[in-house]
>>> print(open('input-v2.tsv').read())   # TSV, C-alpha atoms
chain	number	residue	atom	x	y	z
H	1260	MET	CA	80.26	40.03	113.33
H	1261	ARG	CA	79.30	38.45	116.64
H	1262	ALA	CA	81.30	36.68	119.33
H	1263	PRO	CA	80.44	33.21	117.92
H	1264	ASP	CA	82.15	34.25	114.64
H	1265	LEU	CA	85.51	34.95	116.31
H	1266	ALA	CA	86.94	31.42	116.17
H	1267	ALA	CA	86.19	31.09	112.44
H	1268	ALA	CA	87.56	34.59	111.81
H	1269	ALA	CA	90.78	33.68	113.65
H	1270	ARG	CA	91.19	30.58	111.48
H	1271	LEU	CA	90.61	32.63	108.35
H	1272	ALA	CA	93.10	35.27	109.52
H	1273	ALA	CA	95.75	32.60	110.08
H	1274	ARG	CA	95.24	31.35	106.49
H	1275	ILE	CA	94.94	34.73	104.76
H	1276	HIS	CA	97.45	36.76	106.79
H	1277	PRO	CA	100.11	34.27	107.97
H	1278	ASP	CA	102.79	36.98	107.93
H	1279	TYR	CA	100.76	39.28	110.20
H	1280	PRO	CA	99.69	37.13	113.14
H	1281	GLU	CA	97.61	38.58	115.95
H	1282	ASP	CA	96.46	36.99	119.14
H	1283	ASP	CA	92.76	36.08	119.12
H	1284	ALA	CA	92.29	38.55	121.98
H	1285	VAL	CA	92.98	41.46	119.59
H	1286	MET	CA	90.00	40.65	117.38
H	1287	ALA	CA	87.80	39.98	120.41
H	1288	GLU	CA	88.77	43.33	121.92
H	1289	ARG	CA	87.99	45.23	118.71
H	1290	LEU	CA	84.58	43.55	118.56
H	1291	ARG	CA	83.91	44.51	122.19
H	1292	LEU	CA	85.09	48.11	121.72
H	1293	CYS	CA	83.38	48.76	118.39
H	1294	PRO	CA	80.84	46.12	117.35
H	1295	GLU	CA	79.44	48.41	114.65
H	1296	GLY	CA	82.84	48.27	112.93
H	1297	CYS	CA	83.08	44.48	112.75
H	1298	PHE	CA	81.54	42.65	109.81
H	1299	ALA	CA	81.30	38.99	108.81
H	1300	LEU	CA	80.66	37.53	105.36
H	1301	ALA	CA	78.79	34.27	105.83
H	1302	GLY	CA	78.55	31.58	103.19
H	1303	ASP	CA	76.82	28.23	102.98
H	1304	ASP	CA	79.92	26.53	104.38
H	1305	GLY	CA	80.72	29.07	107.10
H	1306	LEU	CA	82.60	32.33	107.36
H	1307	LEU	CA	84.02	33.56	104.03
H	1308	GLY	CA	85.40	36.86	105.23
H	1309	TYR	CA	85.49	39.52	107.87
H	1310	ALA	CA	86.40	43.16	108.36
H	1311	ILE	CA	87.34	45.03	111.50
H	1312	GLY	CA	87.37	48.79	111.89
H	1313	HIS	CA	87.17	51.28	114.72
H	1314	PRO	CA	87.75	54.93	115.59
H	1315	TRP	CA	91.38	55.86	116.14
H	1316	ARG	CA	93.83	58.74	115.97
H	1317	ALA	CA	94.27	60.70	112.75
H	1318	ARG	CA	96.87	59.33	110.34
H	1319	ALA	CA	97.84	56.48	112.65
H	1320	VAL	CA	96.94	52.86	113.35
H	1321	PRO	CA	97.56	50.70	116.41
H	1322	GLU	CA	100.62	48.49	116.37
H	1323	LEU	CA	100.04	44.99	115.04
H	1324	ASP	CA	99.02	42.39	117.62
H	1325	THR	CA	98.36	44.99	120.31
H	1326	LEU	CA	95.45	45.37	122.67
H	1327	VAL	CA	94.45	49.03	122.77
H	1328	GLY	CA	92.42	49.01	126.00
H	1329	ALA	CA	90.08	51.79	124.89
H	1330	LEU	CA	89.31	53.83	121.82
H	1331	PRO	CA	90.67	57.40	121.79
H	1332	GLU	CA	88.31	60.20	122.70
H	1333	PRO	CA	88.08	62.18	120.60
H	1334	ALA	CA	89.02	60.06	117.62
H	1335	GLY	CA	90.41	61.66	114.49
H	1336	ALA	CA	89.94	58.87	111.97
H	1337	TRP	CA	88.34	55.53	111.26
H	1338	CYS	CA	90.96	52.77	111.28
H	1339	ILE	CA	90.39	49.85	108.95
H	1340	HIS	CA	92.26	47.34	111.06
H	1341	ASP	CA	91.80	44.16	109.06
H	1342	VAL	CA	89.98	42.81	106.03
H	1343	ALA	CA	90.23	39.15	105.05
H	1344	LEU	CA	88.35	37.31	102.33
H	1345	ASP	CA	88.59	33.64	101.50
H	1346	PRO	CA	89.97	33.31	97.95
H	1347	GLY	CA	86.68	31.67	96.92
H	1348	ALA	CA	84.77	34.79	97.96
H	1349	ARG	CA	86.87	37.21	95.92
H	1350	GLY	CA	85.79	38.74	92.66
H	1351	ARG	CA	82.15	39.15	93.72
H	1352	GLY	CA	82.36	42.74	94.95
H	1353	ALA	CA	82.44	41.86	98.66
H	1354	ALA	CA	85.68	43.75	99.30
H	1355	GLY	CA	84.27	46.89	97.71
H	1356	GLU	CA	81.15	46.55	99.84
H	1357	VAL	CA	83.36	46.33	102.93
H	1358	VAL	CA	85.00	49.62	102.00
H	1359	GLY	CA	81.53	51.19	101.76
H	1360	LEU	CA	80.49	49.75	105.12
H	1361	MET	CA	83.64	51.10	106.75
H	1362	LEU	CA	83.21	54.57	105.24
H	1363	ASP	CA	79.56	54.60	106.33
H	1364	ALA	CA	80.59	53.72	109.89
H	1365	ALA	CA	83.16	56.52	109.84
H	1366	ALA	CA	80.60	58.99	108.48
H	1367	ARG	CA	78.10	58.08	111.22
H	1368	ARG	CA	80.78	59.00	113.74
H	1369	ARG	CA	81.53	62.19	111.81
H	1370	LEU	CA	85.17	61.21	111.37
H	1371	PRO	CA	86.94	63.09	108.59
H	1372	GLU	CA	89.18	60.33	107.28
H	1373	ALA	CA	89.79	56.61	107.13
H	1374	VAL	CA	93.26	55.20	107.64
H	1375	LEU	CA	94.83	51.76	107.14
H	1376	VAL	CA	98.06	49.94	106.51
H	1377	ALA	CA	98.27	48.27	103.10
H	1378	VAL	CA	100.45	45.17	103.23
H	1379	GLY	CA	101.78	42.93	100.51
H	1380	ASP	CA	100.25	43.85	97.17
H	1381	ALA	CA	97.05	45.36	98.64
H	1382	ALA	CA	97.96	49.01	97.98
H	1383	GLY	CA	96.53	48.82	94.45
H	1384	PHE	CA	93.15	47.68	95.77
H	1385	TRP	CA	93.07	50.50	98.32
H	1386	ARG	CA	94.12	53.07	95.69
H	1387	ARG	CA	91.17	52.02	93.54
H	1388	HIS	CA	88.96	52.87	96.53
H	1389	GLY	CA	90.36	56.35	96.99
H	1390	PHE	CA	93.11	55.72	99.54
H	1391	ARG	CA	96.46	57.44	99.08
H	1392	PRO	CA	99.79	56.74	100.77
H	1393	ILE	CA	100.97	59.29	103.30
H	1394	PRO	CA	104.52	59.93	104.48
H	1395	GLU	CA	103.98	58.75	108.05
H	1396	ALA	CA	105.51	55.31	108.58
H	1397	ALA	CA	103.44	52.25	109.38
H	1398	PRO	CA	104.07	50.88	112.87
H	1399	PRO	CA	106.57	48.02	113.25
H	1400	GLY	CA	105.38	44.53	112.45
H	1401	TYR	CA	103.60	45.22	109.18
H	1402	GLY	CA	106.58	44.23	107.06
H	1403	ALA	CA	108.71	45.80	104.38
H	1404	GLY	CA	106.75	47.80	101.88
H	1405	ALA	CA	103.79	48.38	104.19
H	1406	ALA	CA	102.14	51.71	103.41
H	1407	LEU	CA	100.06	53.87	105.69
H	1408	MET	CA	97.16	55.10	103.54
H	1409	VAL	CA	94.33	57.57	104.08
H	1410	ARG	CA	91.24	58.89	102.33
H	1411	ALA	CA	88.58	61.41	103.15
H	1412	VAL	CA	85.27	60.14	104.46
H	1413	PRO	CA	82.30	61.41	102.45
H	1414	ASP	CA	80.00	63.78	104.31
H	1415	PRO	CA	76.92	61.82	105.43
H	1416	SER	CA	74.52	64.66	104.68
>>> encode(input="input-v2.tsv", output="structure tokens")
Amino acid sequence: MRAPDLAAAARLAARIHPDYPEDDAVMAERLRLCPEGCFALAGDDGLLGYAIGHPWRARAVPELDTLVGALPEPAGAWCIHDVALDPGARGRGAAGEVVGLMLDAAARRRLPEAVLVAVGDAAGFWRRHGFRPIPEAAPPGYGAGAALMVRAVPDPS
């Protein structure tokens, strides 16, 4: 993802995640702090999806709609902050590829785990990709039934 993709990504986020709104500045900050963790899926008619990830603390994620200022040093996990796919782009394996890209980014940073909050009915998707719920609570704002999930990052060697 690049800065020119941010406006289209914000529009897609508003459509895909209406119950989890974030200020456009949050996505822009994540791109600035960790460009290697931000991905865009381009189609003939524009942006079809995006994913945002970055290093963070182990078994935690930032609160929804919050600027973080800086990434923690040292980080203990790779946070998958947001994944959004246009319904027309689903069913082609793009979401699974995003998981691989995120785990590769975590492995390059030698982070031992990836962490995320599964919202709505997304927990099943994340389970199929090796994520498991953990007892720590998701931060406020993610809604009832949100689950903090984690999985080990494969060793890059």
>>> residues_around(input="input-v2.tsv", residues="stretch 1306-1322 of chain H", least_positions_apart="4", cutoff="6 Å", atoms="only C-alpha atoms", output="count of residues only")
22
>>> closest_residue(input="input-v2.tsv", among="H:Arg1368, H:Ala1269, H:Gly1328, H:His1276", to="H:Glu1295", atoms="only C-alpha atoms")
H:Arg1368
>>> atom_distance(input="input-v2.tsv", atom1="atom CA of H:Phe1390", atom2="atom CA of H:Ala1348")
22.6 Å
>>> residues_around(input="input-v2.tsv", residues="H:Pro1413", least_positions_apart="2", cutoff="12 Å", atoms="all atoms listed in the file", output="mmCIF file with C-alpha atoms, keeping the file's coordinate frame")
data_model
loop_
_atom_site.group_PDB
_atom_site.id
_atom_site.type_symbol
_atom_site.label_atom_id
_atom_site.label_comp_id
_atom_site.auth_asym_id
_atom_site.auth_seq_id
_atom_site.Cartn_x
_atom_site.Cartn_y
_atom_site.Cartn_z
ATOM 1 C CA GLY H 1359 81.530 51.190 101.760
ATOM 2 C CA MET H 1361 83.640 51.100 106.750
ATOM 3 C CA LEU H 1362 83.210 54.570 105.240
ATOM 4 C CA ASP H 1363 79.560 54.600 106.330
ATOM 5 C CA ALA H 1364 80.590 53.720 109.890
ATOM 6 C CA ALA H 1365 83.160 56.520 109.840
ATOM 7 C CA ALA H 1366 80.600 58.990 108.480
ATOM 8 C CA ARG H 1367 78.100 58.080 111.220
ATOM 9 C CA ARG H 1368 80.780 59.000 113.740
ATOM 10 C CA ARG H 1369 81.530 62.190 111.810
ATOM 11 C CA LEU H 1370 85.170 61.210 111.370
ATOM 12 C CA PRO H 1371 86.940 63.090 108.590
ATOM 13 C CA GLU H 1372 89.180 60.330 107.280
ATOM 14 C CA ALA H 1373 89.790 56.610 107.130
ATOM 15 C CA GLY H 1389 90.360 56.350 96.990
ATOM 16 C CA ARG H 1410 91.240 58.890 102.330
ATOM 17 C CA ALA H 1411 88.580 61.410 103.150
ATOM 18 C CA PRO H 1415 76.920 61.820 105.430
ATOM 19 C CA SER H 1416 74.520 64.660 104.680
#
>>> atom_distance(input="input-v2.tsv", atom1="atom CA of H:Met1260", atom2="atom CA of H:Arg1391")
27.7 Å
>>> closest_residue(input="input-v2.tsv", among="H:Ala1403, H:Ile1393, H:Leu1271, H:Ala1287", to="H:Pro1346", atoms="only C-alpha atoms")
H:Leu1271
>>> atom_distance(input="input-v2.tsv", atom1="atom CA of H:Ala1284", atom2="atom CA of H:Asp1324")
8.9 Å
>>> closest_residue(input="input-v2.tsv", among="H:Ala1267, H:Leu1326, H:Glu1332, H:Gly1305", to="H:Arg1289", atoms="only C-alpha atoms")
H:Leu1326
>>> residues_around(input="input-v2.tsv", residues="H:Leu1323", least_positions_apart="6", cutoff="9 Å", atoms="all atoms listed in the file", output="PyMOL selection string")
chain H and resi 1279-1281+1398-1401
>>> residues_around(input="input-v2.tsv", residues="H:Trp1385", least_positions_apart="3", cutoff="10 Å", atoms="all atoms listed in the file", output="list in words")
Gly1355, Val1358, Leu1375, Val1376, Ala1377, Asp1380, Ala1381, Ala1382, His1388, Gly1389, Phe1390, Arg1391, Pro1392, Met1408, Val1409 and Arg1410 of chain H
